[in-house]
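Following: one structure in structure tokens, then a few remarks.
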Amino acid sequence: MFRVFRTFGLALGLLGGVVAAQAPEFAQQYAQRLGGAADELRRQVAVLESDAQASGTTREGAVDRLRTNPDQLVARRGEAARADIARLARLSAQQQALSAASSPLGRVVAMLRDPDVPVAEAAYHDFSPAVPTTADGLAAGLIGFFVAWGGWRVASDFGRRALRRRPRETATVA
């Protein structure tokens with residue numbers, strides 16, 4: 001029975017290693033999508049700023065005028081512009097965090113710290129696993145292996161100890 005648990009733990013560790021080895025590649029694809037989303041938002045904000053300047057106001061003034069407009073459609077566009085500006089700030093901050101990371105594993109950590117969910121979902125849907133051929137991919141795979149295998153070992157050791165400490169029931173004679 002113990003052998004089955006050990007084999008399962010090894011298989012779980014290998015699975016964890018394979019999954020974790022994909023993290024640097026996923027972070028790289030996420031960063032590409034993040035850049036595309038940020039570029040599109042920059043374009044939209046630049047158009048808004050250009051329109052605001054042509055109307056003799058600032059970007060913030062234009063957004064406020066749109067948001068307070070009695071026409072519901074225009075007011076909704078103003079709210080969307082405000083949300084786009086805020087999202088652009090978040091995406092730009094994450095791009096800087098990804099750029100500041102000193103290694104691909106650092107980019108994985110930066111990505112996980114504050115991911116943009118729509119970008120992450122889009123990257124996930126188009127993600128194709130790859131064989132890790134970089135040192136970082138192999139390092140991530142080893143980390144994943146040891147986390148999954150070690151977690152299983154701790155959990156199974158805890159379970160076995162709990163079973164051993166259970167008092168045996170004795171039959172009582174009445």
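By convention in this document, the chains of the structure tokens carry letters A, B, ... by their order, each chain's residues are numbered from 1, and ligands are numbered from 1 in the order they are shown.
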Produce a table with one row for each residue of stretch 8-68 of chain A that has an atom at most 12 Å from any atom of stretch 108-120 of chain A, each row naming the nearest atom pair and its distance in Å at one decimal; use only C-alpha atoms; arrange rows by chain and rising residue number; format as CSV.
```
residue,atom,partner,partner_atom,distance
A:Ala20,CA,A:Val108,CA,10.4
A:Ala21,CA,A:Val108,CA,11.0
A:Gln22,CA,A:Val108,CA,10.2
A:Ala23,CA,A:Val108,CA,6.5
A:Pro24,CA,A:Val108,CA,6.1
A:Glu25,CA,A:Val108,CA,9.0
A:Phe26,CA,A:Val108,CA,8.2
A:Ala27,CA,A:Val108,CA,5.4
A:Gln28,CA,A:Val108,CA,8.4
A:Gln29,CA,A:Ala120,CA,9.2
A:Tyr30,CA,A:Ala120,CA,6.2
A:Ala31,CA,A:Met111,CA,8.2
A:Gln32,CA,A:Val119,CA,9.6
A:Arg33,CA,A:Val119,CA,6.3
A:Leu34,CA,A:Val119,CA,6.2
A:Gly35,CA,A:Val119,CA,9.7
A:Gly36,CA,A:Val119,CA,9.5
A:Ala37,CA,A:Val119,CA,7.6
A:Ala38,CA,A:Val119,CA,10.2
```
Pick out the residues sitting within 12 Å of A:Arg77, and hand them over as a PyMOL selection string; count only C-alpha atoms, and ignore anything fewer than 6 positions along from it in its own chain.
chain A and resi 48+62-71+83-84
Which residues are close to A:Gly61, i.e. within 12 Å by only C-alpha atoms, leaving aside same-chain residues fewer than 6 positions away? Reply as a CSV table (one decimal) with N, CA, C and O atoms, in the first residue's frame.
```csv
chain,number,residue,atom,x,y,z
A,48,LEU,N,-8.9,60.6,-27.5
A,48,LEU,CA,-9.7,61.4,-26.5
A,48,LEU,C,-9.0,62.7,-26.2
A,48,LEU,O,-9.6,63.7,-26.2
A,49,GLU,N,-7.7,62.6,-26.0
A,49,GLU,CA,-6.9,63.8,-25.6
A,49,GLU,C,-6.9,64.7,-26.8
A,49,GLU,O,-7.0,66.0,-26.6
A,51,ASP,N,-9.2,65.0,-29.2
A,51,ASP,CA,-10.5,65.6,-29.3
A,51,ASP,C,-10.7,66.7,-28.2
A,51,ASP,O,-11.3,67.7,-28.4
A,52,ALA,N,-10.2,66.4,-27.0
A,52,ALA,CA,-10.4,67.3,-25.9
A,52,ALA,C,-9.6,68.6,-26.2
A,52,ALA,O,-10.1,69.7,-26.0
A,53,GLN,N,-8.4,68.5,-26.7
A,53,GLN,CA,-7.6,69.6,-27.0
A,53,GLN,C,-8.2,70.5,-28.1
A,53,GLN,O,-8.2,71.7,-28.1
A,55,SER,N,-11.2,70.8,-28.6
A,55,SER,CA,-12.4,71.4,-28.0
A,55,SER,C,-12.1,72.4,-27.0
A,55,SER,O,-12.9,73.0,-26.3
A,67,ARG,N,-19.3,62.3,-19.0
A,67,ARG,CA,-20.0,61.6,-17.9
A,67,ARG,C,-21.2,62.3,-17.3
A,67,ARG,O,-22.2,61.7,-16.9
A,68,THR,N,-21.2,63.6,-17.4
A,68,THR,CA,-22.3,64.4,-16.8
A,68,THR,C,-23.3,64.8,-17.9
A,68,THR,O,-24.3,65.5,-17.6
A,78,GLY,N,-18.6,58.4,-21.5
A,78,GLY,CA,-17.7,59.1,-20.6
A,78,GLY,C,-17.2,58.1,-19.5
A,78,GLY,O,-16.0,58.1,-19.1
A,81,ALA,N,-14.6,55.8,-21.0
A,81,ALA,CA,-13.4,56.5,-21.2
A,81,ALA,C,-12.6,56.6,-19.8
A,81,ALA,O,-11.4,56.4,-19.8
A,82,ARG,N,-13.3,56.9,-18.8
A,82,ARG,CA,-12.7,56.9,-17.4
A,82,ARG,C,-12.2,55.5,-17.1
A,82,ARG,O,-11.0,55.4,-16.6
```
Pairwise distance for atom CA of A:Gln44 and atom CA of A:Leu88, rounded to one decimal in Å
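The value is 10.0 Å.
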As a tab-separated table (two decimals) with N, CA and C atoms, in the first residue's frame, please: every residue in chain A that a backbone DSSP assignment puts in helix (DSSP H, G or I).
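Writing done, so here's part_20.tsv:
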```
chain	number	residue	atom	x	y	z
A	2	PHE	N	1.95	1.23	0.81
A	2	PHE	CA	2.84	2.37	0.88
A	2	PHE	C	3.47	2.65	-0.48
A	3	ARG	N	3.75	1.59	-1.22
A	3	ARG	CA	4.36	1.73	-2.54
A	3	ARG	C	3.43	2.47	-3.50
A	4	VAL	N	2.14	2.22	-3.40
A	4	VAL	CA	1.16	2.91	-4.24
A	4	VAL	C	1.17	4.40	-3.93
A	5	PHE	N	1.22	4.73	-2.64
A	5	PHE	CA	1.26	6.14	-2.25
A	5	PHE	C	2.53	6.81	-2.75
A	6	ARG	N	3.65	6.12	-2.67
A	6	ARG	CA	4.91	6.69	-3.12
A	6	ARG	C	4.88	6.90	-4.63
A	7	THR	N	4.35	5.93	-5.36
A	7	THR	CA	4.25	6.06	-6.82
A	7	THR	C	3.30	7.19	-7.19
A	8	PHE	N	2.20	7.30	-6.49
A	8	PHE	CA	1.26	8.39	-6.76
A	8	PHE	C	1.92	9.73	-6.47
A	9	GLY	N	2.68	9.81	-5.39
A	9	GLY	CA	3.39	11.05	-5.06
A	9	GLY	C	4.39	11.43	-6.13
A	10	LEU	N	5.11	10.45	-6.66
A	10	LEU	CA	6.06	10.71	-7.73
A	10	LEU	C	5.34	11.19	-8.99
A	11	ALA	N	4.23	10.54	-9.34
A	11	ALA	CA	3.45	10.96	-10.50
A	11	ALA	C	2.90	12.37	-10.31
A	12	LEU	N	2.44	12.66	-9.11
A	12	LEU	CA	1.93	14.00	-8.81
A	12	LEU	C	3.06	15.03	-8.93
A	13	GLY	N	4.24	14.67	-8.45
A	13	GLY	CA	5.39	15.56	-8.58
A	13	GLY	C	5.76	15.82	-10.02
A	14	LEU	N	5.75	14.77	-10.85
A	14	LEU	CA	6.04	14.95	-12.27
A	14	LEU	C	5.01	15.83	-12.96
A	15	LEU	N	3.75	15.63	-12.62
A	15	LEU	CA	2.70	16.47	-13.19
A	15	LEU	C	2.89	17.93	-12.76
A	16	GLY	N	3.19	18.13	-11.48
A	16	GLY	CA	3.45	19.49	-11.00
A	16	GLY	C	4.63	20.11	-11.71
A	17	GLY	N	5.67	19.32	-11.98
A	17	GLY	CA	6.83	19.82	-12.70
A	17	GLY	C	6.51	20.22	-14.12
A	18	VAL	N	5.75	19.41	-14.80
A	18	VAL	CA	5.38	19.70	-16.19
A	18	VAL	C	4.52	20.98	-16.25
A	19	VAL	N	3.58	21.10	-15.34
A	19	VAL	CA	2.71	22.29	-15.33
A	19	VAL	C	3.52	23.53	-14.99
A	20	ALA	N	4.35	23.46	-13.96
A	20	ALA	CA	5.14	24.63	-13.55
A	20	ALA	C	6.15	25.03	-14.61
A	21	ALA	N	6.65	24.09	-15.38
A	21	ALA	CA	7.63	24.40	-16.42
A	21	ALA	C	7.02	25.29	-17.51
A	23	ALA	N	5.14	27.89	-16.89
A	23	ALA	CA	4.93	29.24	-16.35
A	23	ALA	C	5.75	30.31	-17.06
A	24	PRO	N	7.07	30.13	-17.29
A	24	PRO	CA	7.80	31.20	-17.99
A	24	PRO	C	7.27	31.49	-19.39
A	25	GLU	N	6.88	30.46	-20.12
A	25	GLU	CA	6.33	30.68	-21.47
A	25	GLU	C	4.97	31.38	-21.39
A	26	PHE	N	4.16	30.98	-20.43
A	26	PHE	CA	2.86	31.65	-20.26
A	26	PHE	C	3.07	33.12	-19.91
A	27	ALA	N	4.02	33.41	-19.02
A	27	ALA	CA	4.29	34.80	-18.64
A	27	ALA	C	4.75	35.61	-19.85
A	28	GLN	N	5.53	35.00	-20.72
A	28	GLN	CA	5.99	35.69	-21.92
A	28	GLN	C	4.81	35.99	-22.85
A	29	GLN	N	3.92	35.02	-23.04
A	29	GLN	CA	2.76	35.25	-23.89
A	29	GLN	C	1.80	36.25	-23.25
A	30	TYR	N	1.69	36.20	-21.94
A	30	TYR	CA	0.86	37.17	-21.21
A	30	TYR	C	1.42	38.58	-21.44
A	31	ALA	N	2.74	38.72	-21.34
A	31	ALA	CA	3.37	40.04	-21.52
A	31	ALA	C	3.11	40.58	-22.92
A	32	GLN	N	3.14	39.70	-23.93
A	32	GLN	CA	2.84	40.14	-25.29
A	32	GLN	C	1.41	40.65	-25.41
A	33	ARG	N	0.47	39.91	-24.85
A	33	ARG	CA	-0.93	40.34	-24.90
A	33	ARG	C	-1.14	41.62	-24.09
A	34	LEU	N	-0.46	41.71	-22.97
A	34	LEU	CA	-0.55	42.91	-22.13
A	34	LEU	C	-0.09	44.13	-22.92
A	35	GLY	N	1.01	43.95	-23.66
A	35	GLY	CA	1.51	45.05	-24.49
A	35	GLY	C	0.52	45.45	-25.56
A	36	GLY	N	-0.12	44.48	-26.18
A	36	GLY	CA	-1.12	44.79	-27.20
A	36	GLY	C	-2.32	45.52	-26.62
A	37	ALA	N	-2.78	45.07	-25.45
A	37	ALA	CA	-3.93	45.73	-24.81
A	37	ALA	C	-3.56	47.15	-24.41
A	38	ALA	N	-2.37	47.34	-23.86
A	38	ALA	CA	-1.94	48.68	-23.46
A	38	ALA	C	-1.79	49.59	-24.67
A	39	ASP	N	-1.24	49.07	-25.76
A	39	ASP	CA	-1.09	49.88	-26.97
A	39	ASP	C	-2.44	50.35	-27.49
A	40	GLU	N	-3.43	49.47	-27.50
A	40	GLU	CA	-4.76	49.85	-27.97
A	40	GLU	C	-5.40	50.90	-27.06
A	41	LEU	N	-5.24	50.72	-25.76
A	41	LEU	CA	-5.78	51.72	-24.84
A	41	LEU	C	-5.06	53.07	-24.99
A	42	ARG	N	-3.75	53.04	-25.21
A	42	ARG	CA	-3.01	54.29	-25.44
A	42	ARG	C	-3.56	55.01	-26.67
A	43	ARG	N	-3.86	54.23	-27.72
A	43	ARG	CA	-4.40	54.83	-28.93
A	43	ARG	C	-5.75	55.49	-28.65
A	44	GLN	N	-6.61	54.79	-27.90
A	44	GLN	CA	-7.94	55.33	-27.58
A	44	GLN	C	-7.82	56.59	-26.72
A	45	VAL	N	-6.93	56.56	-25.73
A	45	VAL	CA	-6.75	57.72	-24.85
A	45	VAL	C	-6.15	58.89	-25.64
A	46	ALA	N	-5.25	58.60	-26.58
A	46	ALA	CA	-4.67	59.67	-27.40
A	46	ALA	C	-5.74	60.34	-28.26
A	47	VAL	N	-6.67	59.56	-28.79
A	47	VAL	CA	-7.77	60.13	-29.58
A	47	VAL	C	-8.63	61.02	-28.69
A	48	LEU	N	-8.92	60.55	-27.48
A	48	LEU	CA	-9.70	61.35	-26.54
A	48	LEU	C	-8.98	62.65	-26.21
A	49	GLU	N	-7.67	62.58	-25.96
A	49	GLU	CA	-6.89	63.78	-25.64
A	49	GLU	C	-6.87	64.74	-26.82
A	50	SER	N	-6.75	64.21	-28.03
A	50	SER	CA	-6.75	65.04	-29.23
A	50	SER	C	-8.10	65.75	-29.39
A	51	ASP	N	-9.18	65.02	-29.19
A	51	ASP	CA	-10.52	65.62	-29.28
A	51	ASP	C	-10.72	66.66	-28.19
A	52	ALA	N	-10.22	66.38	-27.00
A	52	ALA	CA	-10.36	67.33	-25.89
A	52	ALA	C	-9.60	68.61	-26.21
A	53	GLN	N	-8.38	68.47	-26.69
A	53	GLN	CA	-7.56	69.64	-27.02
A	53	GLN	C	-8.21	70.47	-28.12
A	54	ALA	N	-8.77	69.79	-29.13
A	54	ALA	CA	-9.44	70.50	-30.23
A	54	ALA	C	-10.68	71.24	-29.73
A	59	ARG	N	-8.06	66.37	-20.96
A	59	ARG	CA	-8.62	65.00	-20.99
A	59	ARG	C	-9.62	64.81	-19.87
A	60	GLU	N	-9.24	65.23	-18.66
A	60	GLU	CA	-10.13	65.06	-17.51
A	60	GLU	C	-11.41	65.88	-17.69
A	61	GLY	N	-11.27	67.08	-18.25
A	61	GLY	CA	-12.45	67.91	-18.50
A	61	GLY	C	-13.37	67.26	-19.52
A	62	ALA	N	-12.80	66.67	-20.55
A	62	ALA	CA	-13.61	65.99	-21.57
A	62	ALA	C	-14.35	64.79	-20.97
A	63	VAL	N	-13.66	64.03	-20.13
A	63	VAL	CA	-14.30	62.87	-19.50
A	63	VAL	C	-15.44	63.34	-18.60
A	64	ASP	N	-15.20	64.38	-17.83
A	64	ASP	CA	-16.26	64.90	-16.95
A	64	ASP	C	-17.46	65.40	-17.76
A	65	ARG	N	-17.20	66.10	-18.88
A	65	ARG	CA	-18.31	66.56	-19.72
A	65	ARG	C	-19.11	65.40	-20.27
A	66	LEU	N	-18.40	64.36	-20.69
A	66	LEU	CA	-19.10	63.18	-21.20
A	66	LEU	C	-19.93	62.50	-20.11
A	67	ARG	N	-19.33	62.31	-18.96
A	67	ARG	CA	-20.00	61.58	-17.86
A	67	ARG	C	-21.23	62.31	-17.33
A	72	GLN	N	-27.88	59.59	-22.13
A	72	GLN	CA	-27.37	58.38	-21.48
A	72	GLN	C	-26.25	57.72	-22.29
A	73	LEU	N	-26.35	57.72	-23.59
A	73	LEU	CA	-25.31	57.13	-24.43
A	73	LEU	C	-23.99	57.87	-24.25
A	74	VAL	N	-24.04	59.17	-24.28
A	74	VAL	CA	-22.83	59.98	-24.12
A	74	VAL	C	-22.25	59.80	-22.72
A	75	ALA	N	-23.12	59.76	-21.72
A	75	ALA	CA	-22.66	59.57	-20.34
A	75	ALA	C	-21.97	58.21	-20.17
A	76	ARG	N	-22.52	57.20	-20.82
A	76	ARG	CA	-21.90	55.87	-20.75
A	76	ARG	C	-20.54	55.86	-21.44
A	77	ARG	N	-20.40	56.59	-22.54
A	77	ARG	CA	-19.09	56.71	-23.21
A	77	ARG	C	-18.09	57.41	-22.30
A	78	GLY	N	-18.56	58.38	-21.54
A	78	GLY	CA	-17.68	59.07	-20.60
A	78	GLY	C	-17.20	58.13	-19.50
A	79	GLU	N	-18.10	57.29	-19.01
A	79	GLU	CA	-17.72	56.31	-17.98
A	79	GLU	C	-16.75	55.28	-18.55
A	80	ALA	N	-16.98	54.87	-19.79
A	80	ALA	CA	-16.08	53.93	-20.44
A	80	ALA	C	-14.69	54.55	-20.64
A	81	ALA	N	-14.65	55.82	-20.99
A	81	ALA	CA	-13.36	56.50	-21.17
A	81	ALA	C	-12.62	56.58	-19.83
A	82	ARG	N	-13.34	56.86	-18.75
A	82	ARG	CA	-12.73	56.91	-17.42
A	82	ARG	C	-12.16	55.54	-17.05
A	83	ALA	N	-12.92	54.49	-17.33
A	83	ALA	CA	-12.46	53.13	-17.03
A	83	ALA	C	-11.25	52.75	-17.89
A	84	ASP	N	-11.24	53.17	-19.14
A	84	ASP	CA	-10.10	52.88	-20.02
A	84	ASP	C	-8.83	53.57	-19.52
A	85	ILE	N	-8.96	54.79	-19.07
A	85	ILE	CA	-7.80	55.53	-18.54
A	85	ILE	C	-7.26	54.84	-17.29
A	86	ALA	N	-8.14	54.41	-16.41
A	86	ALA	CA	-7.71	53.71	-15.19
A	86	ALA	C	-7.06	52.37	-15.54
A	87	ARG	N	-7.63	51.65	-16.48
A	87	ARG	CA	-7.06	50.36	-16.86
A	87	ARG	C	-5.70	50.55	-17.52
A	88	LEU	N	-5.56	51.57	-18.34
A	88	LEU	CA	-4.27	51.85	-18.97
A	88	LEU	C	-3.20	52.10	-17.91
A	89	ALA	N	-3.56	52.81	-16.86
A	89	ALA	CA	-2.59	53.05	-15.77
A	89	ALA	C	-2.18	51.72	-15.13
A	90	ARG	N	-3.15	50.83	-14.89
A	90	ARG	CA	-2.82	49.51	-14.29
A	90	ARG	C	-1.96	48.67	-15.23
A	91	LEU	N	-2.31	48.64	-16.51
A	91	LEU	CA	-1.54	47.85	-17.47
A	91	LEU	C	-0.12	48.40	-17.62
A	92	SER	N	0.01	49.71	-17.64
A	92	SER	CA	1.34	50.32	-17.75
A	92	SER	C	2.19	49.99	-16.52
A	93	ALA	N	1.58	50.01	-15.34
A	93	ALA	CA	2.31	49.66	-14.12
A	93	ALA	C	2.76	48.21	-14.17
A	94	GLN	N	1.90	47.33	-14.68
A	94	GLN	CA	2.30	45.93	-14.75
A	94	GLN	C	3.37	45.72	-15.81
A	95	GLN	N	3.30	46.44	-16.92
A	95	GLN	CA	4.35	46.35	-17.92
A	95	GLN	C	5.69	46.75	-17.31
A	96	GLN	N	5.70	47.80	-16.51
A	96	GLN	CA	6.94	48.23	-15.86
A	96	GLN	C	7.44	47.16	-14.89
A	97	ALA	N	6.52	46.54	-14.16
A	97	ALA	CA	6.92	45.48	-13.22
A	97	ALA	C	7.51	44.29	-13.97
A	98	LEU	N	6.90	43.93	-15.09
A	98	LEU	CA	7.43	42.82	-15.90
A	98	LEU	C	8.80	43.17	-16.49
A	99	SER	N	8.96	44.40	-16.91
A	99	SER	CA	10.24	44.83	-17.49
A	99	SER	C	11.33	44.88	-16.42
A	100	ALA	N	10.96	45.25	-15.21
A	100	ALA	CA	11.93	45.37	-14.12
A	100	ALA	C	12.36	44.01	-13.58
A	104	PRO	N	13.07	35.40	-16.26
A	104	PRO	CA	11.74	34.90	-16.62
A	104	PRO	C	10.93	34.43	-15.41
A	105	LEU	N	11.59	33.84	-14.42
A	105	LEU	CA	10.86	33.45	-13.21
A	105	LEU	C	10.39	34.68	-12.43
A	106	GLY	N	11.17	35.74	-12.48
A	106	GLY	CA	10.75	37.00	-11.86
A	106	GLY	C	9.54	37.58	-12.57
A	107	ARG	N	9.48	37.40	-13.89
A	107	ARG	CA	8.30	37.87	-14.64
A	107	ARG	C	7.06	37.05	-14.27
A	108	VAL	N	7.26	35.77	-13.98
A	108	VAL	CA	6.13	34.95	-13.53
A	108	VAL	C	5.58	35.51	-12.22
A	109	VAL	N	6.47	35.82	-11.30
A	109	VAL	CA	6.05	36.37	-10.00
A	109	VAL	C	5.36	37.72	-10.21
A	110	ALA	N	5.94	38.58	-11.06
A	110	ALA	CA	5.34	39.89	-11.33
A	110	ALA	C	3.96	39.74	-11.95
A	111	MET	N	3.80	38.76	-12.83
A	111	MET	CA	2.51	38.52	-13.47
A	111	MET	C	1.49	38.05	-12.44
A	112	LEU	N	1.89	37.14	-11.57
A	112	LEU	CA	0.97	36.59	-10.58
A	112	LEU	C	0.60	37.59	-9.50
A	113	ARG	N	1.45	38.58	-9.27
A	113	ARG	CA	1.20	39.55	-8.21
A	113	ARG	C	-0.07	40.36	-8.46
A	117	VAL	N	-7.05	40.25	-15.48
A	117	VAL	CA	-7.80	39.02	-15.71
A	117	VAL	C	-8.20	38.84	-17.18
A	118	PRO	N	-8.74	39.85	-17.87
A	118	PRO	CA	-9.08	39.62	-19.28
A	118	PRO	C	-7.87	39.25	-20.14
A	119	VAL	N	-6.73	39.87	-19.88
A	119	VAL	CA	-5.52	39.53	-20.64
A	119	VAL	C	-5.07	38.12	-20.30
A	120	ALA	N	-5.09	37.77	-19.02
A	120	ALA	CA	-4.67	36.42	-18.60
A	120	ALA	C	-5.59	35.36	-19.19
A	121	GLU	N	-6.90	35.61	-19.20
A	121	GLU	CA	-7.84	34.65	-19.77
A	121	GLU	C	-7.59	34.47	-21.27
A	122	ALA	N	-7.36	35.57	-21.97
A	122	ALA	CA	-7.10	35.48	-23.41
A	122	ALA	C	-5.80	34.72	-23.67
A	123	ALA	N	-4.77	34.98	-22.87
A	123	ALA	CA	-3.50	34.26	-23.03
A	123	ALA	C	-3.71	32.78	-22.74
A	124	TYR	N	-4.49	32.47	-21.74
A	124	TYR	CA	-4.75	31.07	-21.38
A	124	TYR	C	-5.49	30.33	-22.50
A	125	HIS	N	-6.49	30.99	-23.08
A	125	HIS	CA	-7.28	30.34	-24.13
A	125	HIS	C	-6.44	30.04	-25.38
A	126	ASP	N	-5.45	30.86	-25.66
A	126	ASP	CA	-4.61	30.65	-26.84
A	126	ASP	C	-3.28	29.98	-26.52
A	135	ALA	N	16.80	27.40	-19.20
A	135	ALA	CA	17.15	27.12	-17.80
A	135	ALA	C	16.00	27.50	-16.88
A	136	ASP	N	15.33	28.61	-17.19
A	136	ASP	CA	14.21	29.03	-16.35
A	136	ASP	C	13.05	28.06	-16.43
A	137	GLY	N	12.79	27.53	-17.62
A	137	GLY	CA	11.71	26.55	-17.76
A	137	GLY	C	12.02	25.29	-16.97
A	138	LEU	N	13.28	24.85	-17.03
A	138	LEU	CA	13.67	23.67	-16.27
A	138	LEU	C	13.63	23.95	-14.77
A	139	ALA	N	14.07	25.14	-14.36
A	139	ALA	CA	14.03	25.50	-12.94
A	139	ALA	C	12.59	25.54	-12.44
A	140	ALA	N	11.71	26.13	-13.23
A	140	ALA	CA	10.30	26.17	-12.84
A	140	ALA	C	9.73	24.77	-12.75
A	141	GLY	N	10.14	23.90	-13.66
A	141	GLY	CA	9.68	22.50	-13.62
A	141	GLY	C	10.14	21.80	-12.35
A	142	LEU	N	11.39	22.01	-11.98
A	142	LEU	CA	11.89	21.40	-10.74
A	142	LEU	C	11.17	21.94	-9.51
A	143	ILE	N	10.94	23.24	-9.50
A	143	ILE	CA	10.20	23.83	-8.38
A	143	ILE	C	8.81	23.21	-8.30
A	144	GLY	N	8.14	23.11	-9.44
A	144	GLY	CA	6.80	22.51	-9.46
A	144	GLY	C	6.82	21.07	-9.00
A	145	PHE	N	7.84	20.32	-9.43
A	145	PHE	CA	7.96	18.92	-9.01
A	145	PHE	C	8.09	18.83	-7.49
A	146	PHE	N	9.01	19.59	-6.94
A	146	PHE	CA	9.25	19.49	-5.50
A	146	PHE	C	8.08	20.01	-4.67
A	147	VAL	N	7.38	21.02	-5.16
A	147	VAL	CA	6.20	21.50	-4.44
A	147	VAL	C	5.10	20.44	-4.44
A	148	ALA	N	4.81	19.87	-5.62
A	148	ALA	CA	3.74	18.87	-5.70
A	148	ALA	C	4.13	17.58	-4.97
A	149	TRP	N	5.34	17.09	-5.20
A	149	TRP	CA	5.80	15.86	-4.57
A	149	TRP	C	5.93	16.06	-3.06
A	150	GLY	N	6.54	17.17	-2.66
A	150	GLY	CA	6.71	17.44	-1.23
A	150	GLY	C	5.37	17.63	-0.53
A	151	GLY	N	4.46	18.32	-1.20
A	151	GLY	CA	3.13	18.50	-0.63
A	151	GLY	C	2.43	17.16	-0.42
A	152	TRP	N	2.56	16.28	-1.41
A	152	TRP	CA	1.96	14.95	-1.28
A	152	TRP	C	2.61	14.18	-0.15
A	153	ARG	N	3.95	14.25	-0.03
A	153	ARG	CA	4.65	13.53	1.03
A	153	ARG	C	4.19	14.00	2.40
A	154	VAL	N	4.09	15.30	2.57
A	154	VAL	CA	3.65	15.85	3.86
A	154	VAL	C	2.22	15.42	4.15
A	155	ALA	N	1.35	15.52	3.16
A	155	ALA	CA	-0.05	15.14	3.36
A	155	ALA	C	-0.19	13.65	3.65
A	156	SER	N	0.54	12.83	2.91
A	156	SER	CA	0.41	11.38	3.13
A	156	SER	C	1.05	10.97	4.46
A	157	ASP	N	2.17	11.58	4.84
A	157	ASP	CA	2.78	11.29	6.15
A	157	ASP	C	1.84	11.69	7.28
A	158	PHE	N	1.20	12.85	7.11
A	158	PHE	CA	0.25	13.31	8.13
A	158	PHE	C	-0.92	12.33	8.24
A	159	GLY	N	-1.41	11.87	7.09
A	159	GLY	CA	-2.53	10.93	7.09
A	159	GLY	C	-2.15	9.60	7.72
A	160	ARG	N	-0.96	9.09	7.42
A	160	ARG	CA	-0.52	7.83	8.02
A	160	ARG	C	-0.35	7.96	9.52
A	161	ARG	N	0.21	9.07	9.97
A	161	ARG	CA	0.38	9.27	11.42
A	161	ARG	C	-0.96	9.35	12.13
A	162	ALA	N	-1.91	10.01	11.49
A	162	ALA	CA	-3.24	10.13	12.09
A	162	ALA	C	-3.90	8.76	12.21
A	163	LEU	N	-3.68	7.90	11.20
A	163	LEU	CA	-4.26	6.56	11.25
A	163	LEU	C	-3.60	5.72	12.35
A	164	ARG	N	-2.31	5.89	12.53
A	164	ARG	CA	-1.60	5.11	13.55
A	164	ARG	C	-2.00	5.52	14.97
A	165	ARG	N	-2.33	6.78	15.17
A	165	ARG	CA	-2.63	7.28	16.50
A	165	ARG	C	-4.07	7.05	16.92
```
